[in-house]
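Data from start_16.cif: mmCIF, C-alpha atoms
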```
data_structure
loop_
_atom_site.label_atom_id
_atom_site.label_comp_id
_atom_site.auth_asym_id
_atom_site.auth_seq_id
_atom_site.Cartn_x
_atom_site.Cartn_y
_atom_site.Cartn_z
CA MET A 1 3.37 7.25 -36.76
CA GLU A 2 1.43 8.34 -33.70
CA PRO A 3 3.16 7.95 -30.32
CA TYR A 4 3.43 4.28 -29.38
CA GLN A 5 2.09 5.12 -25.92
CA ASP A 6 -1.21 6.22 -27.46
CA ILE A 7 -1.35 3.09 -29.60
CA ASN A 8 -0.88 0.95 -26.49
CA ALA A 9 -3.55 2.83 -24.52
CA ARG A 10 -6.05 2.32 -27.31
CA THR A 11 -5.05 -1.34 -27.67
CA VAL A 12 -5.53 -2.03 -23.95
CA ASP A 13 -8.93 -0.30 -24.05
CA ARG A 14 -9.96 -2.72 -26.79
CA TRP A 15 -8.53 -5.73 -24.94
CA VAL A 16 -10.60 -4.80 -21.89
CA GLU A 17 -13.74 -4.61 -24.03
CA GLU A 18 -12.91 -8.07 -25.38
CA GLY A 19 -12.58 -9.58 -21.89
CA TRP A 20 -8.83 -9.32 -21.21
CA GLU A 21 -8.03 -11.14 -17.97
CA TRP A 22 -6.05 -8.22 -16.56
CA GLY A 23 -8.99 -5.91 -17.11
CA GLN A 24 -11.58 -7.84 -15.09
CA PRO A 25 -12.26 -6.16 -11.73
CA ILE A 26 -12.59 -8.17 -8.54
CA SER A 27 -15.99 -9.21 -7.29
CA HIS A 28 -17.81 -7.83 -4.25
CA ASP A 29 -17.18 -11.14 -2.47
CA ALA A 30 -13.43 -10.85 -3.11
CA PHE A 31 -13.47 -7.32 -1.68
CA VAL A 32 -15.30 -8.48 1.45
CA LYS A 33 -12.85 -11.35 1.90
CA ALA A 34 -9.94 -8.90 1.60
CA LYS A 35 -11.43 -6.83 4.43
CA GLN A 36 -11.57 -10.05 6.44
CA GLY A 37 -7.89 -10.79 5.77
CA GLU A 38 -8.29 -13.27 2.89
CA TRP A 39 -6.45 -11.80 -0.09
CA GLN A 40 -3.61 -12.09 -2.54
CA VAL A 41 -2.35 -9.98 -5.45
CA VAL A 42 0.09 -10.63 -8.27
CA LEU A 43 2.80 -8.60 -10.00
CA THR A 44 3.45 -11.37 -12.53
CA PRO A 45 1.06 -13.93 -14.11
CA ASN A 46 0.92 -16.64 -11.45
CA ARG A 47 2.85 -16.25 -8.25
CA PRO A 48 1.21 -14.25 -5.45
CA VAL A 49 3.30 -11.48 -3.95
CA PRO A 50 4.44 -12.54 -0.45
CA ARG A 51 2.45 -10.66 2.15
CA ASP A 52 5.54 -9.73 4.13
CA TRP A 53 6.70 -7.64 1.17
CA PHE A 54 3.94 -5.11 2.01
CA GLY A 55 3.96 -4.61 5.74
CA ASP A 56 0.91 -3.05 7.35
CA LEU A 57 -0.97 -1.03 4.70
CA GLY A 58 -3.36 0.65 7.13
CA GLY A 59 -3.23 4.39 6.51
CA LYS A 60 -0.37 4.07 4.00
CA ALA A 61 -0.28 6.07 0.76
CA VAL A 62 -0.14 3.56 -2.12
CA LEU A 63 0.41 4.31 -5.81
CA GLY A 64 -0.70 1.71 -8.34
CA LEU A 65 1.54 2.51 -11.30
CA ALA A 66 0.05 1.20 -14.56
CA SER A 67 -2.14 -0.82 -12.21
CA GLY A 68 -5.65 0.00 -13.39
CA GLY A 69 -8.35 -2.61 -13.88
CA GLY A 70 -9.89 -2.87 -10.44
CA GLN A 71 -7.86 -5.90 -9.37
CA GLN A 72 -5.15 -4.81 -6.92
CA MET A 73 -6.14 -1.34 -5.75
CA PRO A 74 -9.49 -2.47 -4.29
CA VAL A 75 -7.59 -5.00 -2.17
CA PHE A 76 -5.27 -2.30 -0.86
CA ALA A 77 -8.25 -0.05 -0.15
CA ALA A 78 -9.92 -2.91 1.74
CA LEU A 79 -6.76 -3.16 3.85
CA GLY A 80 -7.02 0.50 4.80
CA ALA A 81 -4.56 2.09 2.36
CA ARG A 82 -5.04 5.54 0.83
CA CYS A 83 -4.92 4.64 -2.84
CA THR A 84 -3.92 6.44 -6.01
CA VAL A 85 -3.93 4.68 -9.38
CA LEU A 86 -2.20 5.94 -12.52
CA ASP A 87 -2.88 4.33 -15.87
CA TYR A 88 -3.04 5.43 -19.51
CA SER A 89 -6.00 3.19 -20.40
CA SER A 90 -9.36 4.90 -19.93
CA ARG A 91 -11.14 1.55 -19.71
CA GLN A 92 -8.84 0.30 -16.96
CA LEU A 93 -9.55 3.46 -14.98
CA GLU A 94 -13.29 3.07 -15.54
CA SER A 95 -13.02 -0.28 -13.78
CA GLU A 96 -11.32 1.40 -10.82
CA ARG A 97 -14.14 3.94 -10.56
CA MET A 98 -16.77 1.22 -10.81
CA VAL A 99 -15.33 -0.86 -7.98
CA ALA A 100 -14.76 2.18 -5.75
CA ARG A 101 -18.39 3.27 -6.22
CA ARG A 102 -19.66 -0.26 -5.63
CA GLU A 103 -17.66 -0.75 -2.43
CA GLY A 104 -17.86 2.81 -1.12
CA TYR A 105 -14.22 3.81 -0.82
CA SER A 106 -12.28 6.78 -2.19
CA ILE A 107 -9.45 6.48 -4.71
CA HIS A 108 -7.47 9.14 -6.56
CA ILE A 109 -7.59 8.23 -10.26
CA VAL A 110 -5.06 9.72 -12.67
CA ARG A 111 -4.92 9.16 -16.42
CA ALA A 112 -1.32 9.78 -17.42
CA ASP A 113 1.55 8.35 -19.44
CA MET A 114 4.15 6.84 -17.11
CA THR A 115 6.91 7.52 -19.63
CA LYS A 116 6.51 11.20 -18.68
CA PRO A 117 7.36 12.71 -15.27
CA LEU A 118 4.81 11.48 -12.75
CA PRO A 119 2.29 14.19 -11.75
CA PHE A 120 3.04 13.92 -8.02
CA SER A 121 5.19 15.80 -5.53
CA HIS A 122 8.39 14.44 -4.02
CA SER A 123 8.19 11.85 -1.22
CA VAL A 124 4.42 11.38 -1.01
CA PHE A 125 3.92 7.59 -1.26
CA ASP A 126 4.77 4.74 1.12
CA LEU A 127 4.42 2.05 -1.56
CA VAL A 128 4.49 1.91 -5.35
CA PHE A 129 2.89 -1.23 -6.84
CA HIS A 130 3.98 -1.67 -10.46
CA PRO A 131 2.74 -4.86 -12.18
CA VAL A 132 4.17 -6.07 -15.50
CA SER A 133 3.84 -3.12 -17.86
CA ASN A 134 7.40 -2.00 -18.63
CA CYS A 135 7.22 -4.25 -21.70
CA TYR A 136 5.03 -1.53 -23.24
CA VAL A 137 7.66 1.16 -22.63
CA GLN A 138 10.81 1.81 -24.65
CA GLU A 139 12.91 3.33 -21.84
CA VAL A 140 12.45 1.99 -18.31
CA GLU A 141 15.18 3.65 -16.26
CA PRO A 142 13.38 7.03 -16.12
CA ILE A 143 10.38 5.26 -14.57
CA PHE A 144 12.48 3.91 -11.71
CA LYS A 145 13.93 7.37 -11.12
CA GLU A 146 10.42 8.80 -10.89
CA CYS A 147 9.35 6.03 -8.50
CA PHE A 148 12.32 6.88 -6.29
CA ARG A 149 11.39 10.57 -6.35
CA VAL A 150 7.73 10.12 -5.34
CA LEU A 151 8.42 7.56 -2.59
CA LYS A 152 9.06 8.61 0.98
CA PRO A 153 12.33 7.57 2.63
CA GLY A 154 11.76 3.97 3.69
CA GLY A 155 9.18 3.57 0.91
CA ILE A 156 8.82 0.32 -1.02
CA LEU A 157 8.79 -0.32 -4.77
CA LEU A 158 7.22 -3.61 -5.91
CA CYS A 159 7.70 -4.45 -9.61
CA GLY A 160 6.69 -7.19 -12.03
CA LEU A 161 9.20 -7.45 -14.88
CA ASP A 162 9.41 -9.39 -18.16
CA THR A 163 12.85 -10.97 -18.59
CA GLY A 164 12.76 -11.04 -22.41
CA MET A 165 12.18 -14.77 -22.78
CA ASN A 166 8.78 -14.24 -24.41
CA PHE A 167 10.26 -12.02 -27.11
CA ILE A 168 12.68 -14.52 -28.62
CA VAL A 169 10.34 -17.43 -29.40
CA ASP A 170 7.71 -18.04 -32.07
CA ALA A 171 3.96 -18.07 -31.36
CA GLN A 172 4.08 -21.76 -30.41
CA GLU A 173 7.09 -21.14 -28.11
CA GLU A 174 9.04 -23.89 -29.88
CA ARG A 175 11.74 -22.06 -31.86
CA LEU A 176 14.11 -19.18 -31.25
CA VAL A 177 13.19 -16.68 -33.95
CA PHE A 178 13.83 -13.10 -32.81
CA SER A 179 16.93 -11.19 -31.83
CA LEU A 180 17.25 -9.02 -28.74
CA PRO A 181 16.65 -6.28 -27.99
CA PHE A 182 13.10 -6.61 -29.27
CA ASN A 183 12.19 -3.13 -30.47
CA PRO A 184 9.46 -2.73 -33.10
CA LEU A 185 10.30 0.95 -33.57
CA ARG A 186 13.71 -0.07 -34.92
CA ASN A 187 13.08 -3.53 -36.37
CA PRO A 188 10.31 -4.01 -38.99
CA GLU A 189 10.29 -7.77 -38.39
CA HIS A 190 9.48 -7.18 -34.74
CA MET A 191 6.69 -4.78 -35.66
CA LYS A 192 5.19 -7.26 -38.13
CA SER A 193 5.09 -10.02 -35.50
CA LEU A 194 3.24 -7.74 -33.06
CA GLU A 195 0.73 -6.75 -35.71
CA LEU A 196 0.03 -10.42 -36.44
CA SER A 197 -0.43 -11.26 -32.77
CA ASP A 198 -2.31 -8.07 -31.81
CA GLY A 199 0.34 -7.44 -29.18
CA GLY A 200 0.34 -3.66 -29.08
CA ILE A 201 3.80 -2.07 -29.18
CA GLU A 202 6.09 -4.07 -26.89
CA PHE A 203 9.78 -3.90 -26.02
CA SER A 204 12.22 -6.29 -24.37
CA HIS A 205 14.45 -5.10 -21.53
CA THR A 206 17.53 -6.60 -19.97
CA LEU A 207 17.99 -7.31 -16.28
CA GLU A 208 20.71 -4.67 -16.43
CA GLU A 209 18.05 -2.12 -17.40
CA GLN A 210 15.38 -3.34 -15.00
CA VAL A 211 17.19 -4.48 -11.87
CA GLY A 212 20.24 -2.36 -12.54
CA GLY A 213 17.95 0.57 -13.31
CA GLN A 214 16.39 0.33 -9.86
CA LEU A 215 19.82 0.25 -8.24
CA LYS A 216 21.00 3.18 -10.36
CA ALA A 217 17.95 5.16 -9.24
CA GLY A 218 19.07 4.68 -5.64
CA PHE A 219 16.97 1.74 -4.49
CA ILE A 220 18.20 -1.11 -2.31
CA LEU A 221 17.00 -4.46 -3.68
CA THR A 222 15.68 -6.63 -0.84
CA HIS A 223 13.87 -9.52 -2.58
CA LEU A 224 13.56 -11.16 -6.00
CA LEU A 225 11.35 -14.05 -7.13
CA GLU A 226 10.82 -15.72 -10.53
CA ASP A 227 7.58 -16.65 -12.28
CA THR A 228 6.45 -18.34 -15.50
CA ASN A 229 3.86 -17.50 -18.13
CA ALA A 230 0.30 -18.38 -17.20
CA GLN A 231 0.08 -20.96 -20.01
CA GLY A 232 1.88 -22.27 -23.10
CA ARG A 233 4.99 -24.36 -23.70
CA LEU A 234 7.38 -22.20 -21.67
CA HIS A 235 4.99 -22.50 -18.74
CA ALA A 236 4.69 -26.27 -19.21
CA LEU A 237 8.49 -26.55 -19.16
CA ASN A 238 8.63 -24.34 -16.04
CA ILE A 239 10.89 -21.81 -17.76
CA PRO A 240 10.88 -18.50 -15.86
CA SER A 241 9.93 -15.54 -18.02
CA PHE A 242 9.15 -12.96 -15.34
CA ILE A 243 10.60 -11.71 -12.09
CA MET A 244 9.10 -9.72 -9.27
CA THR A 245 11.29 -7.44 -7.17
CA ARG A 246 11.00 -5.61 -3.88
CA ALA A 247 13.19 -2.55 -3.44
CA LEU A 248 13.55 0.01 -0.68
CA LYS A 249 14.22 3.75 -0.84
CA PRO A 250 16.78 4.42 1.90
#
```

Take the structure in the file and write it out as structure tokens.
Amino acid sequence: MEPYQDINARTVDRWVEEGWEWGQPISHDAFVKAKQGEWQVVLTPNRPVPRDWFGDLGGKAVLGLASGGGQQMPVFAALGARCTVLDYSSRQLESERMVARREGYSIHIVRADMTKPLPFSHSVFDLVFHPVSNCYVQEVEPIFKECFRVLKPGGILLCGLDTGMNFIVDAQEERLVFSLPFNPLRNPEHMKSLELSDGGIEFSHTLEEQVGGQLKAGFILTHLLEDTNAQGRLHALNIPSFIMTRALKP
């Protein structure tokens, strides 16, 4: 079997071609509004990230980690940040290039696998923005360690994290059908369900791994908010299935 990371990159490329919502870049009007102070971004499906989690982004070095697609980084560029985006999907990075050319700003674009050491020096970023993507990675704690390494002292890590709720239910979100941890590389039933749903290669992670992993890396957790799916029965029942966190490198 080829590396699951490559399978996921190819899958996301195809999703973008098919109109995936997280692969649709922002419009020119949205960019202009961001420059005028009208903006919001998300780490999870619905809930905007509170603005006070960011501070003043003017002149700050921001890394969008698995954040390609031309949705968040253009906003940060409009706010005066010096932006770098790392993603493993070529199509997501194409969107970043397109928006940067259209709006006339510079962005450092890096195609790389975030499960490997990040290709950056120590203590170079003021903010790492990391939307929901750890569900496509088998081991998450090394990612938090790398985020800690590349952030400056006082730097901020903003993460969107899947809590595992989506992995235990059937397609209609009515019955509990799968065990945790959800790992298709170890459980053929899990792999079969992903193949049927065209879900790429996904993995569940515990809060111990995701929140505890940030703490183990050395971060100080400052804020945590919950969010639901964008649609479906769990959303209708207001059952949280995601969290967003803000953590600080001392």

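Candidate residues A:Ile143, A:Leu185, A:Leu86, A:Leu118 were compared for distance to Glu2 of chain A, and the nearest is A:Leu185, using all atoms listed in the file.
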
Target residues per the PyMOL selection byres ((chain A and resi 123-140) around 9), formatted as number ranges by chain: A: 4-5, 8, 42-45, 54, 57, 60-67, 72, 114-115, 120-122, 141-144, 147-162, 164, 183, 185, 200-205, 209-210, 213, 242, 244

What residues come out when you apply the PyMOL selection byres ((chain A and resi 111) around 9) to this file, written as a ChimeraX atom specification? /A:85-90,93,109-110,112-113

Find the spatial neighbours of Val75 of chain A, counting all atoms listed in the file, within a cut-off of 7 Å - ignore same-chain residues fewer than 3 positions away - and output them as a PDB file with C-alpha atoms, in the coordinates of the input.
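Below you can see selection-v4.pdb, which holds the result:
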```pdb
ATOM      1  CA  PHE A  31     -13.470  -7.320  -1.680  1.00  0.00           C
ATOM      2  CA  ALA A  34      -9.940  -8.900   1.600  1.00  0.00           C
ATOM      3  CA  GLN A  72      -5.150  -4.810  -6.920  1.00  0.00           C
ATOM      4  CA  ALA A  78      -9.920  -2.910   1.740  1.00  0.00           C
ATOM      5  CA  LEU A  79      -6.760  -3.160   3.850  1.00  0.00           C
TER       6      LEU A  79
END
```

Identify the residues around (7.2, -17.8, -30.5) within a radius of 12 Å, measuring from all atoms listed in the file in the coordinates stated by the file, and give them as a PyMOL selection string. chain A and resi 164-179+190+193-194+196-197+232-234

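Across A:Lys35, A:Arg47, A:Arg82, A:Arg91, the tightest approach to Gly23 of chain A is made by A:Arg91 when counting all atoms listed in the file.
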
One decimal, Å: what's the distance from atom CA of Gly58 of chain A over to atom CA of Phe76 of chain A, could you say?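 Distance between the two atoms: 8.7 Å.
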
For atom CA of His223 of chain A and atom CA of Pro50 of chain A, the interatomic separation in Å (one decimal):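 Between these atoms lies a distance of 10.1 Å.
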
Show me, as a PyMOL selection string, the residues that have an atom within 10 Å of His28 of chain A when counting all atoms listed in the file, minus same-chain residues fewer than 4 positions from it. chain A and resi 32-34+74+99+102-103

Please report the interatomic distance between atom CA of Pro25 of chain A and atom CA of Asp198 of chain A in Å with one decimal.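 Going from atom CA of Pro25 of chain A over to atom CA of Asp198 of chain A covers 22.5 Å.
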
Cut-off 7 Å around (-5.9, 8.9, -4.0) with all atoms listed in the file: residues as an mmCIF file with C-alpha atoms, in the coordinates of the input:
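The new file selection06.cif reads:
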```cif
data_model
loop_
_atom_site.group_PDB
_atom_site.id
_atom_site.type_symbol
_atom_site.label_atom_id
_atom_site.label_comp_id
_atom_site.auth_asym_id
_atom_site.auth_seq_id
_atom_site.Cartn_x
_atom_site.Cartn_y
_atom_site.Cartn_z
ATOM 1 C CA ARG A 82 -5.040 5.540 0.830
ATOM 2 C CA CYS A 83 -4.920 4.640 -2.840
ATOM 3 C CA THR A 84 -3.920 6.440 -6.010
ATOM 4 C CA SER A 106 -12.280 6.780 -2.190
ATOM 5 C CA ILE A 107 -9.450 6.480 -4.710
ATOM 6 C CA HIS A 108 -7.470 9.140 -6.560
ATOM 7 C CA ILE A 109 -7.590 8.230 -10.260
#
```

Could you tell me, as a PyMOL selection string, exactly which residues end up selected when the PyMOL selection byres ((chain A and resi 218) around 10) is applied to this structure? chain A and resi 144-145+148-149+212-217+219-221+247-250

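Each of A:Gly55, A:Gly80, A:Pro188, A:Pro117 was checked against Tyr105 of chain A using only C-alpha atoms; the smallest atom-to-atom distance is that of A:Gly80.
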
Set up a box along x, y and z of the file covering all listed atoms of segment 76-92 of chain A, add 4 Å on every one of the six sides, and write the centre and edge lengths in Å to one decimal, as lines of an AutoDock Vina configuration file.
```
center_x = -6.7
center_y = 1.6
center_z = -7.8
size_x = 16.9
size_y = 17.6
size_z = 33.2
```

Could you model all heavy atoms for segment 145-156 of chain A and present them as a PDB file, in the coordinates of the input?
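Saved to result-v8.pdb:
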```
ATOM      1  N   LYS A 145      13.509   6.108 -11.725  1.00  0.00           N
ATOM      2  CA  LYS A 145      13.930   7.370 -11.120  1.00  0.00           C
ATOM      3  C   LYS A 145      12.724   8.147 -10.581  1.00  0.00           C
ATOM      4  O   LYS A 145      12.779   8.743  -9.506  1.00  0.00           O
ATOM      5  CB  LYS A 145      14.683   8.220 -12.142  1.00  0.00           C
ATOM      6  CG  LYS A 145      16.043   7.657 -12.523  1.00  0.00           C
ATOM      7  CD  LYS A 145      16.720   8.524 -13.579  1.00  0.00           C
ATOM      8  CE  LYS A 145      18.063   7.943 -13.985  1.00  0.00           C
ATOM      9  NZ  LYS A 145      18.717   8.744 -15.056  1.00  0.00           N
ATOM     10  N   GLU A 146      11.630   8.125 -11.338  1.00  0.00           N
ATOM     11  CA  GLU A 146      10.420   8.800 -10.890  1.00  0.00           C
ATOM     12  C   GLU A 146       9.809   8.093  -9.674  1.00  0.00           C
ATOM     13  O   GLU A 146       9.309   8.743  -8.752  1.00  0.00           O
ATOM     14  CB  GLU A 146       9.408   8.890 -12.026  1.00  0.00           C
ATOM     15  CG  GLU A 146       9.676  10.005 -12.996  1.00  0.00           C
ATOM     16  CD  GLU A 146       9.527  11.362 -12.335  1.00  0.00           C
ATOM     17  OE1 GLU A 146       8.385  11.804 -12.118  1.00  0.00           O
ATOM     18  OE2 GLU A 146      10.561  11.988 -12.010  1.00  0.00           O
ATOM     19  N   CYS A 147       9.843   6.771  -9.666  1.00  0.00           N
ATOM     20  CA  CYS A 147       9.350   6.030  -8.500  1.00  0.00           C
ATOM     21  C   CYS A 147      10.161   6.402  -7.254  1.00  0.00           C
ATOM     22  O   CYS A 147       9.592   6.604  -6.170  1.00  0.00           O
ATOM     23  CB  CYS A 147       9.430   4.532  -8.750  1.00  0.00           C
ATOM     24  SG  CYS A 147       8.226   3.900  -9.942  1.00  0.00           S
ATOM     25  N   PHE A 148      11.457   6.493  -7.411  1.00  0.00           N
ATOM     26  CA  PHE A 148      12.320   6.880  -6.290  1.00  0.00           C
ATOM     27  C   PHE A 148      11.946   8.274  -5.793  1.00  0.00           C
ATOM     28  O   PHE A 148      11.864   8.524  -4.583  1.00  0.00           O
ATOM     29  CB  PHE A 148      13.788   6.839  -6.717  1.00  0.00           C
ATOM     30  CG  PHE A 148      14.762   6.976  -5.584  1.00  0.00           C
ATOM     31  CD1 PHE A 148      15.205   5.866  -4.891  1.00  0.00           C
ATOM     32  CD2 PHE A 148      15.251   8.228  -5.218  1.00  0.00           C
ATOM     33  CE1 PHE A 148      16.106   5.988  -3.839  1.00  0.00           C
ATOM     34  CE2 PHE A 148      16.147   8.367  -4.174  1.00  0.00           C
ATOM     35  CZ  PHE A 148      16.578   7.240  -3.488  1.00  0.00           C
ATOM     36  N   ARG A 149      11.695   9.188  -6.717  1.00  0.00           N
ATOM     37  CA  ARG A 149      11.390  10.570  -6.350  1.00  0.00           C
ATOM     38  C   ARG A 149      10.083  10.667  -5.562  1.00  0.00           C
ATOM     39  O   ARG A 149      10.006  11.401  -4.567  1.00  0.00           O
ATOM     40  CB  ARG A 149      11.276  11.428  -7.617  1.00  0.00           C
ATOM     41  CG  ARG A 149      10.972  12.896  -7.355  1.00  0.00           C
ATOM     42  CD  ARG A 149      10.798  13.684  -8.630  1.00  0.00           C
ATOM     43  NE  ARG A 149       9.628  13.290  -9.413  1.00  0.00           N
ATOM     44  CZ  ARG A 149       8.385  13.661  -9.132  1.00  0.00           C
ATOM     45  NH1 ARG A 149       8.125  14.438  -8.074  1.00  0.00           N
ATOM     46  NH2 ARG A 149       7.378  13.278  -9.908  1.00  0.00           N
ATOM     47  N   VAL A 150       9.044   9.942  -5.973  1.00  0.00           N
ATOM     48  CA  VAL A 150       7.730  10.120  -5.340  1.00  0.00           C
ATOM     49  C   VAL A 150       7.564   9.289  -4.070  1.00  0.00           C
ATOM     50  O   VAL A 150       6.629   9.515  -3.309  1.00  0.00           O
ATOM     51  CB  VAL A 150       6.586   9.796  -6.322  1.00  0.00           C
ATOM     52  CG1 VAL A 150       6.683  10.682  -7.552  1.00  0.00           C
ATOM     53  CG2 VAL A 150       6.546   8.326  -6.703  1.00  0.00           C
ATOM     54  N   LEU A 151       8.486   8.351  -3.825  1.00  0.00           N
ATOM     55  CA  LEU A 151       8.420   7.560  -2.590  1.00  0.00           C
ATOM     56  C   LEU A 151       9.039   8.320  -1.421  1.00  0.00           C
ATOM     57  O   LEU A 151      10.011   9.055  -1.578  1.00  0.00           O
ATOM     58  CB  LEU A 151       9.149   6.227  -2.774  1.00  0.00           C
ATOM     59  CG  LEU A 151       8.354   5.095  -3.416  1.00  0.00           C
ATOM     60  CD1 LEU A 151       9.291   3.961  -3.804  1.00  0.00           C
ATOM     61  CD2 LEU A 151       7.258   4.580  -2.483  1.00  0.00           C
ATOM     62  N   LYS A 152       8.475   8.082  -0.248  1.00  0.00           N
ATOM     63  CA  LYS A 152       9.060   8.610   0.980  1.00  0.00           C
ATOM     64  C   LYS A 152      10.319   7.811   1.328  1.00  0.00           C
ATOM     65  O   LYS A 152      10.457   6.660   0.904  1.00  0.00           O
ATOM     66  CB  LYS A 152       8.066   8.480   2.136  1.00  0.00           C
ATOM     67  CG  LYS A 152       6.754   9.195   1.942  1.00  0.00           C
ATOM     68  CD  LYS A 152       5.803   8.871   3.085  1.00  0.00           C
ATOM     69  CE  LYS A 152       4.439   9.512   2.886  1.00  0.00           C
ATOM     70  NZ  LYS A 152       3.484   9.163   3.974  1.00  0.00           N
ATOM     71  N   PRO A 153      11.234   8.380   2.098  1.00  0.00           N
ATOM     72  CA  PRO A 153      12.330   7.570   2.630  1.00  0.00           C
ATOM     73  C   PRO A 153      11.766   6.359   3.390  1.00  0.00           C
ATOM     74  O   PRO A 153      10.829   6.497   4.177  1.00  0.00           O
ATOM     75  CB  PRO A 153      13.061   8.527   3.568  1.00  0.00           C
ATOM     76  CG  PRO A 153      12.767   9.883   2.998  1.00  0.00           C
ATOM     77  CD  PRO A 153      11.350   9.798   2.470  1.00  0.00           C
ATOM     78  N   GLY A 154      12.303   5.194   3.113  1.00  0.00           N
ATOM     79  CA  GLY A 154      11.760   3.970   3.690  1.00  0.00           C
ATOM     80  C   GLY A 154      10.634   3.377   2.870  1.00  0.00           C
ATOM     81  O   GLY A 154      10.115   2.302   3.209  1.00  0.00           O
ATOM     82  N   GLY A 155      10.256   4.053   1.771  1.00  0.00           N
ATOM     83  CA  GLY A 155       9.180   3.570   0.910  1.00  0.00           C
ATOM     84  C   GLY A 155       9.592   2.354   0.104  1.00  0.00           C
ATOM     85  O   GLY A 155      10.782   2.106  -0.123  1.00  0.00           O
ATOM     86  N   ILE A 156       8.606   1.607  -0.362  1.00  0.00           N
ATOM     87  CA  ILE A 156       8.820   0.320  -1.020  1.00  0.00           C
ATOM     88  C   ILE A 156       8.347   0.382  -2.470  1.00  0.00           C
ATOM     89  O   ILE A 156       7.259   0.887  -2.750  1.00  0.00           O
ATOM     90  CB  ILE A 156       8.076  -0.805  -0.274  1.00  0.00           C
ATOM     91  CG1 ILE A 156       8.624  -0.957   1.152  1.00  0.00           C
ATOM     92  CG2 ILE A 156       8.173  -2.134  -1.025  1.00  0.00           C
ATOM     93  CD1 ILE A 156       7.738  -1.814   2.043  1.00  0.00           C
TER      94      ILE A 156
END
```
